[in-house]
Structures are given as structure tokens and as C-alpha cells.
$ cat target-v2.pdb   # PDB, C-alpha atoms and all ligand atoms
MODEL        1
ATOM      1  CA  MET A   1      -1.255   7.781  19.251  1.00  0.00           C
ATOM      2  CA  SER A   2       2.129   6.183  19.369  1.00  0.00           C
ATOM      3  CA  HIS A   3       3.854   5.317  16.168  1.00  0.00           C
ATOM      4  CA  GLU A   4       6.331   2.629  15.547  1.00  0.00           C
ATOM      5  CA  GLU A   5       8.577   3.322  12.676  1.00  0.00           C
ATOM      6  CA  HIS A   6       9.475   0.693  10.129  1.00  0.00           C
ATOM      7  CA  ASP A   7      11.647   0.929   7.070  1.00  0.00           C
ATOM      8  CA  GLY A   8       9.188   2.492   4.683  1.00  0.00           C
ATOM      9  CA  GLY A   9       6.018   2.887   6.673  1.00  0.00           C
ATOM     10  CA  LEU A  10       4.448   3.889   9.936  1.00  0.00           C
ATOM     11  CA  THR A  11       2.014   1.768  11.867  1.00  0.00           C
ATOM     12  CA  ASP A  12       0.031   2.589  14.988  1.00  0.00           C
ATOM     13  CA  GLU A  13      -0.413   0.282  17.981  1.00  0.00           C
ATOM     14  CA  LYS A  14      -3.102  -1.762  16.212  1.00  0.00           C
ATOM     15  CA  GLY A  15      -0.837  -2.358  13.272  1.00  0.00           C
ATOM     16  CA  THR A  16      -2.942  -0.054  11.116  1.00  0.00           C
ATOM     17  CA  VAL A  17      -0.713   1.609   8.641  1.00  0.00           C
ATOM     18  CA  VAL A  18      -0.808   5.371   8.718  1.00  0.00           C
ATOM     19  CA  LEU A  19       0.877   8.011   6.673  1.00  0.00           C
ATOM     20  CA  MET A  20       2.110  11.277   8.099  1.00  0.00           C
ATOM     21  CA  ALA A  21       0.724  13.992   5.861  1.00  0.00           C
ATOM     22  CA  THR A  22       3.462  16.266   7.140  1.00  0.00           C
ATOM     23  CA  ALA A  23       6.328  13.991   6.083  1.00  0.00           C
ATOM     24  CA  THR A  24       9.065  16.111   4.607  1.00  0.00           C
ATOM     25  CA  THR A  25      11.228  13.371   3.186  1.00  0.00           C
ATOM     26  CA  ASP A  26      10.759  11.611  -0.105  1.00  0.00           C
ATOM     27  CA  ARG A  27      10.605   8.291   1.662  1.00  0.00           C
ATOM     28  CA  ASP A  28       6.970   7.881   0.649  1.00  0.00           C
ATOM     29  CA  LEU A  29       7.701   8.279  -3.056  1.00  0.00           C
ATOM     30  CA  THR A  30      10.724   6.012  -2.761  1.00  0.00           C
ATOM     31  CA  LEU A  31       8.328   3.390  -1.476  1.00  0.00           C
ATOM     32  CA  VAL A  32       6.017   3.947  -4.457  1.00  0.00           C
ATOM     33  CA  ALA A  33       8.947   3.688  -6.888  1.00  0.00           C
ATOM     34  CA  ASP A  34      10.233   0.530  -5.198  1.00  0.00           C
ATOM     35  CA  PHE A  35       6.773  -0.983  -5.481  1.00  0.00           C
ATOM     36  CA  VAL A  36       6.323  -0.198  -9.178  1.00  0.00           C
ATOM     37  CA  ASN A  37       9.907  -1.250  -9.975  1.00  0.00           C
ATOM     38  CA  THR A  38       9.411  -4.694  -8.458  1.00  0.00           C
ATOM     39  CA  LEU A  39       8.684  -5.471 -12.103  1.00  0.00           C
ATOM     40  CA  ASP A  40      11.601  -4.798 -14.419  1.00  0.00           C
ATOM     41  CA  VAL A  41       9.614  -4.486 -17.661  1.00  0.00           C
ATOM     42  CA  GLN A  42      12.671  -4.908 -19.852  1.00  0.00           C
ATOM     43  CA  SER A  43      14.056  -8.109 -18.338  1.00  0.00           C
ATOM     44  CA  GLY A  44      10.719  -9.447 -17.119  1.00  0.00           C
ATOM     45  CA  SER A  45      12.214  -9.988 -13.666  1.00  0.00           C
ATOM     46  CA  ASP A  46       9.386  -9.708 -11.143  1.00  0.00           C
ATOM     47  CA  GLY A  47       9.779  -9.427  -7.378  1.00  0.00           C
ATOM     48  CA  LEU A  48       6.078 -10.089  -6.850  1.00  0.00           C
ATOM     49  CA  ARG A  49       5.707 -13.391  -8.649  1.00  0.00           C
ATOM     50  CA  SER A  50       3.493 -15.014  -6.026  1.00  0.00           C
ATOM     51  CA  ALA A  51       1.130 -14.093  -3.205  1.00  0.00           C
ATOM     52  CA  GLU A  52       3.864 -15.171  -0.780  1.00  0.00           C
ATOM     53  CA  ALA A  53       6.424 -12.908  -2.445  1.00  0.00           C
ATOM     54  CA  LEU A  54       3.995  -9.978  -2.160  1.00  0.00           C
ATOM     55  CA  ARG A  55       3.375 -10.749   1.498  1.00  0.00           C
ATOM     56  CA  GLY A  56       7.115 -10.791   2.194  1.00  0.00           C
ATOM     57  CA  TRP A  57       7.585  -7.508   0.360  1.00  0.00           C
ATOM     58  CA  LEU A  58       4.786  -5.757   2.291  1.00  0.00           C
ATOM     59  CA  VAL A  59       5.822  -7.146   5.678  1.00  0.00           C
ATOM     60  CA  GLU A  60       9.451  -6.140   5.102  1.00  0.00           C
ATOM     61  CA  ARG A  61       8.351  -2.537   4.577  1.00  0.00           C
ATOM     62  CA  GLY A  62       6.056  -2.418   7.579  1.00  0.00           C
ATOM     63  CA  LEU A  63       2.947  -2.226   5.406  1.00  0.00           C
ATOM     64  CA  LEU A  64       1.411  -5.488   6.536  1.00  0.00           C
ATOM     65  CA  ALA A  65       1.374  -7.357   9.847  1.00  0.00           C
ATOM     66  CA  THR A  66       3.234 -10.673   9.577  1.00  0.00           C
ATOM     67  CA  ALA A  67       0.156 -12.730  10.440  1.00  0.00           C
ATOM     68  CA  HIS A  68      -1.923 -11.466   7.516  1.00  0.00           C
ATOM     69  CA  PRO A  69      -2.270 -13.874   4.624  1.00  0.00           C
ATOM     70  CA  VAL A  70      -2.224 -12.691   1.013  1.00  0.00           C
ATOM     71  CA  THR A  71      -4.566 -14.406  -1.424  1.00  0.00           C
ATOM     72  CA  GLU A  72      -4.187 -14.782  -5.187  1.00  0.00           C
ATOM     73  CA  ALA A  73      -6.959 -12.182  -5.551  1.00  0.00           C
ATOM     74  CA  GLY A  74      -4.967  -9.798  -3.343  1.00  0.00           C
ATOM     75  CA  LEU A  75      -1.919 -10.384  -5.519  1.00  0.00           C
ATOM     76  CA  GLY A  76      -4.047  -9.610  -8.583  1.00  0.00           C
ATOM     77  CA  ARG A  77      -5.126  -6.283  -7.075  1.00  0.00           C
ATOM     78  CA  ALA A  78      -1.525  -5.415  -6.174  1.00  0.00           C
ATOM     79  CA  LEU A  79      -0.320  -6.110  -9.711  1.00  0.00           C
ATOM     80  CA  ALA A  80      -3.180  -4.069 -11.164  1.00  0.00           C
ATOM     81  CA  LEU A  81      -2.228  -1.194  -8.853  1.00  0.00           C
ATOM     82  CA  ARG A  82       1.427  -1.503  -9.835  1.00  0.00           C
ATOM     83  CA  GLU A  83       0.639  -1.081 -13.533  1.00  0.00           C
ATOM     84  CA  ALA A  84      -1.912   1.676 -12.876  1.00  0.00           C
ATOM     85  CA  ILE A  85       0.696   3.725 -10.996  1.00  0.00           C
ATOM     86  CA  ARG A  86       3.208   3.085 -13.789  1.00  0.00           C
ATOM     87  CA  GLY A  87       0.503   4.299 -16.186  1.00  0.00           C
ATOM     88  CA  ILE A  88      -0.104   7.607 -14.423  1.00  0.00           C
ATOM     89  CA  ALA A  89       3.651   8.102 -13.933  1.00  0.00           C
ATOM     90  CA  GLU A  90       4.037   7.709 -17.688  1.00  0.00           C
ATOM     91  CA  ARG A  91       1.604  10.595 -18.172  1.00  0.00           C
ATOM     92  CA  ASN A  92       4.018  12.790 -16.208  1.00  0.00           C
ATOM     93  CA  ASN A  93       6.640  12.261 -18.919  1.00  0.00           C
ATOM     94  CA  PRO A  94       5.961  14.388 -22.010  1.00  0.00           C
ATOM     95  CA  GLY A  95       8.481  12.250 -23.910  1.00  0.00           C
ATOM     96  CA  ALA A  96       6.619   9.008 -23.302  1.00  0.00           C
ATOM     97  CA  GLU A  97       4.129   7.462 -25.657  1.00  0.00           C
ATOM     98  CA  VAL A  98       1.082   6.843 -23.551  1.00  0.00           C
ATOM     99  CA  PRO A  99      -1.095   3.908 -24.567  1.00  0.00           C
ATOM    100  CA  ARG A 100      -4.632   5.135 -25.148  1.00  0.00           C
ATOM    101  CA  ASP A 101      -6.426   1.879 -24.507  1.00  0.00           C
ATOM    102  CA  GLU A 102      -5.564   1.747 -20.814  1.00  0.00           C
ATOM    103  CA  ASP A 103      -7.382   3.558 -18.042  1.00  0.00           C
ATOM    104  CA  PRO A 104      -5.183   3.511 -14.942  1.00  0.00           C
ATOM    105  CA  VAL A 105      -7.462   5.976 -13.156  1.00  0.00           C
ATOM    106  CA  GLU A 106     -10.312   3.503 -13.029  1.00  0.00           C
ATOM    107  CA  THR A 107      -8.008   0.962 -11.366  1.00  0.00           C
ATOM    108  CA  LEU A 108      -6.743   3.530  -8.847  1.00  0.00           C
ATOM    109  CA  ASN A 109     -10.279   4.449  -7.861  1.00  0.00           C
ATOM    110  CA  ARG A 110     -11.265   0.811  -7.505  1.00  0.00           C
ATOM    111  CA  ILE A 111      -8.266   0.044  -5.268  1.00  0.00           C
ATOM    112  CA  ALA A 112      -8.903   3.180  -3.180  1.00  0.00           C
ATOM    113  CA  THR A 113     -12.492   2.070  -2.615  1.00  0.00           C
ATOM    114  CA  GLU A 114     -11.420  -1.442  -1.645  1.00  0.00           C
ATOM    115  CA  ALA A 115      -8.813  -0.019   0.755  1.00  0.00           C
ATOM    116  CA  ARG A 116     -11.510   2.086   2.462  1.00  0.00           C
ATOM    117  CA  MET A 117      -9.288   5.147   2.779  1.00  0.00           C
ATOM    118  CA  VAL A 118     -10.019   7.440   5.697  1.00  0.00           C
ATOM    119  CA  LEU A 119      -8.681  10.787   6.818  1.00  0.00           C
ATOM    120  CA  ALA A 120      -7.855  10.763  10.530  1.00  0.00           C
ATOM    121  CA  PHE A 121      -6.967  13.864  12.543  1.00  0.00           C
ATOM    122  CA  ASP A 122      -4.942  13.542  15.725  1.00  0.00           C
ATOM    123  CA  PRO A 123      -4.680  15.750  18.850  1.00  0.00           C
ATOM    124  CA  GLY A 124      -1.115  16.751  17.938  1.00  0.00           C
ATOM    125  CA  GLY A 125      -2.410  18.866  15.086  1.00  0.00           C
ATOM    126  CA  GLY A 126      -1.561  16.471  12.291  1.00  0.00           C
ATOM    127  CA  ALA A 127      -3.642  14.334  10.026  1.00  0.00           C
ATOM    128  CA  HIS A 128      -3.163  10.914   8.532  1.00  0.00           C
ATOM    129  CA  LEU A 129      -4.471   9.468   5.357  1.00  0.00           C
ATOM    130  CA  THR A 130      -4.920   5.859   6.299  1.00  0.00           C
ATOM    131  CA  SER A 131      -6.819   2.738   5.417  1.00  0.00           C
ATOM    132  CA  SER A 132      -9.355   1.144   7.693  1.00  0.00           C
ATOM    133  CA  ASP A 133      -8.421  -2.238   6.249  1.00  0.00           C
ATOM    134  CA  GLU A 134      -5.695  -4.216   8.004  1.00  0.00           C
ATOM    135  CA  GLY A 135      -5.087  -6.708   5.218  1.00  0.00           C
ATOM    136  CA  VAL A 136      -3.411  -6.432   1.857  1.00  0.00           C
ATOM    137  CA  ASP A 137      -5.953  -3.860   0.642  1.00  0.00           C
ATOM    138  CA  GLY A 138      -4.856  -1.600   3.496  1.00  0.00           C
ATOM    139  CA  SER A 139      -1.241  -2.022   2.408  1.00  0.00           C
ATOM    140  CA  LEU A 140      -2.144  -1.014  -1.125  1.00  0.00           C
ATOM    141  CA  GLY A 141      -4.059   1.920   0.355  1.00  0.00           C
ATOM    142  CA  ARG A 142      -0.863   3.071   2.096  1.00  0.00           C
ATOM    143  CA  ILE A 143       0.901   3.136  -1.273  1.00  0.00           C
ATOM    144  CA  LEU A 144      -2.024   5.044  -2.812  1.00  0.00           C
ATOM    145  CA  GLY A 145      -1.897   7.456   0.136  1.00  0.00           C
ATOM    146  CA  ALA A 146       1.733   8.259  -0.680  1.00  0.00           C
ATOM    147  CA  VAL A 147       0.755   9.000  -4.276  1.00  0.00           C
ATOM    148  CA  PHE A 148      -2.056  11.261  -3.054  1.00  0.00           C
ATOM    149  CA  VAL A 149       0.130  13.224  -0.617  1.00  0.00           C
ATOM    150  CA  SER A 150       2.750  13.816  -3.311  1.00  0.00           C
ATOM    151  CA  MET A 151       0.032  15.041  -5.687  1.00  0.00           C
ATOM    152  CA  ALA A 152      -1.198  17.430  -3.004  1.00  0.00           C
ATOM    153  CA  ASP A 153       2.255  18.883  -2.279  1.00  0.00           C
ATOM    154  CA  GLY A 154       3.363  19.108  -5.917  1.00  0.00           C
ATOM    155  CA  ARG A 155       6.048  16.423  -5.991  1.00  0.00           C
ATOM    156  CA  TRP A 156       4.003  14.003  -8.049  1.00  0.00           C
ATOM    157  CA  GLU A 157       4.649  15.665 -11.418  1.00  0.00           C
ATOM    158  CA  ARG A 158       8.313  14.682 -11.032  1.00  0.00           C
ATOM    159  CA  PHE A 159       7.441  11.030 -10.611  1.00  0.00           C
ATOM    160  CA  LYS A 160       7.869   9.583 -14.107  1.00  0.00           C
ATOM    161  CA  ALA A 161       8.080   6.373 -16.060  1.00  0.00           C
ATOM    162  CA  CYS A 162      10.989   6.119 -18.518  1.00  0.00           C
ATOM    163  CA  ALA A 163      10.017   7.273 -22.016  1.00  0.00           C
ATOM    164  CA  ARG A 164      11.594   4.220 -23.601  1.00  0.00           C
ATOM    165  CA  HIS A 165       8.585   1.950 -23.870  1.00  0.00           C
ATOM    166  CA  ALA A 166      10.582  -1.271 -23.501  1.00  0.00           C
ATOM    167  CA  CYS A 167      11.843   0.048 -20.146  1.00  0.00           C
ATOM    168  CA  ARG A 168       9.134   2.093 -18.333  1.00  0.00           C
ATOM    169  CA  TRP A 169      11.217   2.094 -15.121  1.00  0.00           C
ATOM    170  CA  VAL A 170       9.883   4.711 -12.698  1.00  0.00           C
ATOM    171  CA  TYR A 171      12.084   7.405 -11.166  1.00  0.00           C
ATOM    172  CA  TYR A 172      11.914  10.759  -9.433  1.00  0.00           C
ATOM    173  CA  ASP A 173      13.035  13.545 -11.736  1.00  0.00           C
ATOM    174  CA  ARG A 174      15.275  15.848  -9.686  1.00  0.00           C
ATOM    175  CA  SER A 175      16.437  17.918 -12.645  1.00  0.00           C
ATOM    176  CA  ARG A 176      15.979  21.658 -12.213  1.00  0.00           C
ATOM    177  CA  ASN A 177      13.539  22.141 -15.056  1.00  0.00           C
ATOM    178  CA  ARG A 178      11.881  18.753 -14.742  1.00  0.00           C
ATOM    179  CA  SER A 179      13.204  17.678 -18.128  1.00  0.00           C
ATOM    180  CA  ARG A 180      14.494  14.187 -17.458  1.00  0.00           C
ATOM    181  CA  THR A 181      12.984  11.856 -20.052  1.00  0.00           C
ATOM    182  CA  TRP A 182      14.767   8.570 -19.372  1.00  0.00           C
ATOM    183  CA  CYS A 183      15.543   6.481 -16.313  1.00  0.00           C
ATOM    184  CA  SER A 184      19.224   6.813 -17.185  1.00  0.00           C
ATOM    185  CA  MET A 185      21.231   8.239 -20.042  1.00  0.00           C
ATOM    186  CA  ASP A 186      23.414   5.139 -20.428  1.00  0.00           C
ATOM    187  CA  GLU A 187      20.638   2.594 -20.391  1.00  0.00           C
ATOM    188  CA  CYS A 188      17.900   4.351 -22.293  1.00  0.00           C
ATOM    189  CA  GLY A 189      18.726   7.918 -23.286  1.00  0.00           C
ATOM    190  CA  ASN A 190      21.602   7.158 -25.623  1.00  0.00           C
ATOM    191  CA  ARG A 191      19.830   4.194 -27.162  1.00  0.00           C
ATOM    192  CA  GLU A 192      16.752   6.261 -27.911  1.00  0.00           C
ATOM    193  CA  LYS A 193      18.812   9.101 -29.331  1.00  0.00           C
ATOM    194  CA  ALA A 194      20.691   6.675 -31.592  1.00  0.00           C
ATOM    195  CA  ARG A 195      17.409   5.157 -32.730  1.00  0.00           C
ATOM    196  CA  ALA A 196      15.903   8.570 -33.504  1.00  0.00           C
ATOM    197  CA  PHE A 197      19.078   9.472 -35.436  1.00  0.00           C
ATOM    198  CA  ARG A 198      18.847   6.285 -37.525  1.00  0.00           C
ATOM    199  CA  GLU A 199      15.181   6.946 -38.249  1.00  0.00           C
ATOM    200  CA  ARG A 200      15.870  10.515 -39.332  1.00  0.00           C
ATOM    201  CA  ARG A 201      18.647   9.317 -41.636  1.00  0.00           C
ATOM    202  CA  LYS A 202      16.410   6.661 -43.144  1.00  0.00           C
ATOM    203  CA  ALA A 203      13.731   9.252 -43.771  1.00  0.00           C
ATOM    204  CA  GLY A 204      16.377  11.422 -45.477  1.00  0.00           C
ATOM    205  CA  ARG A 205      15.967  14.316 -43.106  1.00  0.00           C
TER     206      ARG A 205
HETATM  207 ZN    ZN B   1      14.682   3.450 -19.072  1.00  0.00          ZN
ENDMDL
END

$ encode --input "target-v2.pdb" --output "C-alpha cells"
Amino acid sequence: MSHEEHDGGLTDEKGTVVLMATATTDRDLTLVADFVNTLDVQSGSDGLRSAEALRGWLVERGLLATAHPVTEAGLGRALALREAIRGIAERNNPGAEVPRDEDPVETLNRIATEARMVLAFDPGGGAHLTSSDEGVDGSLGRILGAVFVSMADGRWERFKACARHACRWVYYDRSRNRSRTWCSMDECGNREKARAFRERRKAGR
């Protein structure tokens, strides 16, 4: 199987997106972070405002063949996936308040089913987690595949959503003891610390 390499993804000769299970770089998780951070929760700025914007985003990253259309329903599934991944990333951050009324896992399972994920072994001794769908569901499957591989190799627990609820930006925590709570100290850390200080003072503690 020959692979053509794109910016963030790998596709085979049929344009089916595959994921190298043996990838040693963090390129896959960078892709996941880029996807989730297309929505800046704080400012409301959204890179996936329309089906066409989603199509452009996926094509640019080699996740979707140019000819494939993206429907409104496909956009809806992508946005649901985006928030579900943000939701499970938030659970990786002990400092974050996790909303109890949301069930991101149910969404992830639904998207995985729709993407018809398959495990494919190749003669070279490797294996790919891929999607048998060539449309937008397959693209979303590629993103899910990256989440899965990082869970399997232990990197996932460092993938977090910022503990400041107004922010919820996702990032990869490279700190030695996995203690990073905020996306950045300037943007969120200091603000949260100041807020906690004010609250303690008000409470007379
Ligand atoms: Zn933040």
C-alpha cells in the first residue's frame, strides 16, 4: 500500500484516510487539538461555521477528498464530535469542573459507529485504524482514530481542556508531573488565581 502524505493525515491510493498506529510524533494529537480549537469558546469565533467551512478544513488537512460534499447533517455530526472530544479532554483535567448533564461518550460511540471504523493489517507488519467511509464520517473517524491511538499509548491523559470554564481551550500538557491546569498562565491561570483569592477574602478565610 502506498501512502501519500498530507499535512495532518495519510491517505492511501483510493483516498481512504488511514492512520499509522506506529506514528511516533504528536502530529495526530495536534490534529485533534486543532479540530477542537476551531471553536474559541471564549470569543465565540468558530472556524467551522458552515458545511463549506468544514469541507475546506478537512480537505486542507488531507482528511477528505476535494470532490466530497459536506451536508448540514455532516456538519452537525462534526460539531457534536468537537464538543464530545472537548468533554472527555476536560475529564483529563482534575482542576476542571465537569458538567454532569453531558455524556460525551455516547456521542463518541455514535460517531465511531457512523464512521464504520476498521482495523487493517498490512504486509509490512503495521496496522492501521481506518474508516471504511470515504465521506465526512470517514474524516471524523480519522480524528477519533487519533484519540484512540493516543489512549492506547498513554498520551491521552495529557490532552486537556483548560480548567477555566469560559475558556475550555484544549492543549497537550507537557509538564513533567502532568500538572498543567490552564491553557496559559497569562490568559487563564492568573485570572483564576486572582478570582480564587478574591473569593477567599470575601469568605473571610
Ligand atoms: Zn484557558

$ atom_distance --input "target-v2.pdb" --atom1 "atom CA of A:Ser132" --atom2 "atom CA of A:Ala65"
13.9 Å

$ resolve_selection --input "target-v2.pdb" --expression "the PyMOL selection byres (((not hetatm)) within 8 of (chain B and resi 1))" --output "ChimeraX atom specification"
/A:161-169,182-184,187-189

$ atom_distance --input "target-v2.pdb" --atom1 "atom CA of A:Asp26" --atom2 "atom CA of A:Gly76"
27.2 Å

$ resolve_selection --input "target-v2.pdb" --expression "the PyMOL selection byres (((chain A and resi 138) around 12) and not hetatm)" --output "PyMOL selection string"
chain A and resi 11+15-19+58+62-65+68+70+74+77-78+111-118+129-137+139-145

$ write_last_selection --input "target-v2.pdb" --atoms "C-alpha atoms" --output "PDB file, keeping the file's coordinate frame"
ATOM      1  CA  THR A  11       2.014   1.768  11.867  1.00  0.00           C
ATOM      2  CA  GLY A  15      -0.837  -2.358  13.272  1.00  0.00           C
ATOM      3  CA  THR A  16      -2.942  -0.054  11.116  1.00  0.00           C
ATOM      4  CA  VAL A  17      -0.713   1.609   8.641  1.00  0.00           C
ATOM      5  CA  VAL A  18      -0.808   5.371   8.718  1.00  0.00           C
ATOM      6  CA  LEU A  19       0.877   8.011   6.673  1.00  0.00           C
ATOM      7  CA  LEU A  58       4.786  -5.757   2.291  1.00  0.00           C
ATOM      8  CA  GLY A  62       6.056  -2.418   7.579  1.00  0.00           C
ATOM      9  CA  LEU A  63       2.947  -2.226   5.406  1.00  0.00           C
ATOM     10  CA  LEU A  64       1.411  -5.488   6.536  1.00  0.00           C
ATOM     11  CA  ALA A  65       1.374  -7.357   9.847  1.00  0.00           C
ATOM     12  CA  HIS A  68      -1.923 -11.466   7.516  1.00  0.00           C
ATOM     13  CA  VAL A  70      -2.224 -12.691   1.013  1.00  0.00           C
ATOM     14  CA  GLY A  74      -4.967  -9.798  -3.343  1.00  0.00           C
ATOM     15  CA  ARG A  77      -5.126  -6.283  -7.075  1.00  0.00           C
ATOM     16  CA  ALA A  78      -1.525  -5.415  -6.174  1.00  0.00           C
ATOM     17  CA  ILE A 111      -8.266   0.044  -5.268  1.00  0.00           C
ATOM     18  CA  ALA A 112      -8.903   3.180  -3.180  1.00  0.00           C
ATOM     19  CA  THR A 113     -12.492   2.070  -2.615  1.00  0.00           C
ATOM     20  CA  GLU A 114     -11.420  -1.442  -1.645  1.00  0.00           C
ATOM     21  CA  ALA A 115      -8.813  -0.019   0.755  1.00  0.00           C
ATOM     22  CA  ARG A 116     -11.510   2.086   2.462  1.00  0.00           C
ATOM     23  CA  MET A 117      -9.288   5.147   2.779  1.00  0.00           C
ATOM     24  CA  VAL A 118     -10.019   7.440   5.697  1.00  0.00           C
ATOM     25  CA  LEU A 129      -4.471   9.468   5.357  1.00  0.00           C
ATOM     26  CA  THR A 130      -4.920   5.859   6.299  1.00  0.00           C
ATOM     27  CA  SER A 131      -6.819   2.738   5.417  1.00  0.00           C
ATOM     28  CA  SER A 132      -9.355   1.144   7.693  1.00  0.00           C
ATOM     29  CA  ASP A 133      -8.421  -2.238   6.249  1.00  0.00           C
ATOM     30  CA  GLU A 134      -5.695  -4.216   8.004  1.00  0.00           C
ATOM     31  CA  GLY A 135      -5.087  -6.708   5.218  1.00  0.00           C
ATOM     32  CA  VAL A 136      -3.411  -6.432   1.857  1.00  0.00           C
ATOM     33  CA  ASP A 137      -5.953  -3.860   0.642  1.00  0.00           C
ATOM     34  CA  SER A 139      -1.241  -2.022   2.408  1.00  0.00           C
ATOM     35  CA  LEU A 140      -2.144  -1.014  -1.125  1.00  0.00           C
ATOM     36  CA  GLY A 141      -4.059   1.920   0.355  1.00  0.00           C
ATOM     37  CA  ARG A 142      -0.863   3.071   2.096  1.00  0.00           C
ATOM     38  CA  ILE A 143       0.901   3.136  -1.273  1.00  0.00           C
ATOM     39  CA  LEU A 144      -2.024   5.044  -2.812  1.00  0.00           C
ATOM     40  CA  GLY A 145      -1.897   7.456   0.136  1.00  0.00           C
TER      41      GLY A 145
END

$ residues_near_point --input "target-v2.pdb" --point "(9.1, 10.1, -26.7)" --cutoff "8 Å" --atoms "all atoms listed in the file" --output "VMD selection string"
chain A and resid 94 to 97 163 to 164 181

$ resolve_selection --input "target-v2.pdb" --expression "the PyMOL selection byres (((chain A and resi 35) around 12) and not hetatm)" --output "ChimeraX atom specification"
/A:8,28-34,36-40,46-48,54,57-58,61,63,78-86,139-140,142-144,146-147,169-171

$ atom_distance --input "target-v2.pdb" --atom1 "atom CA of A:Val105" --atom2 "atom CA of A:Ile88"
7.6 Å

$ closest_residue --input "target-v2.pdb" --among "A:Asn92, A:Thr71, A:Gly126, A:Gly87" --to "A:Pro104" --atoms "all atoms listed in the file"
A:Gly87

$ residues_near_point --input "target-v2.pdb" --point "(-0.8, -18.8, -2.8)" --cutoff "7 Å" --atoms "all atoms listed in the file" --output "list of chain:residue names"
A:Ser50, A:Ala51, A:Glu52, A:Thr71, A:Glu72

$ residues_around --input "target-v2.pdb" --residues "A:Asn177" --least-positions-apart "4" --cutoff "12 Å" --atoms "all atoms listed in the file" --output "VMD selection string"
chain A and resid 157 to 158 173 181

$ write_last_selection --input "target-v2.pdb" --atoms "C-alpha atoms" --output "PDB file, in the frame of the given file"
ATOM      1  CA  GLU A 157       4.649  15.665 -11.418  1.00  0.00           C
ATOM      2  CA  ARG A 158       8.313  14.682 -11.032  1.00  0.00           C
ATOM      3  CA  ASP A 173      13.035  13.545 -11.736  1.00  0.00           C
ATOM      4  CA  THR A 181      12.984  11.856 -20.052  1.00  0.00           C
TER       5      THR A 181
END
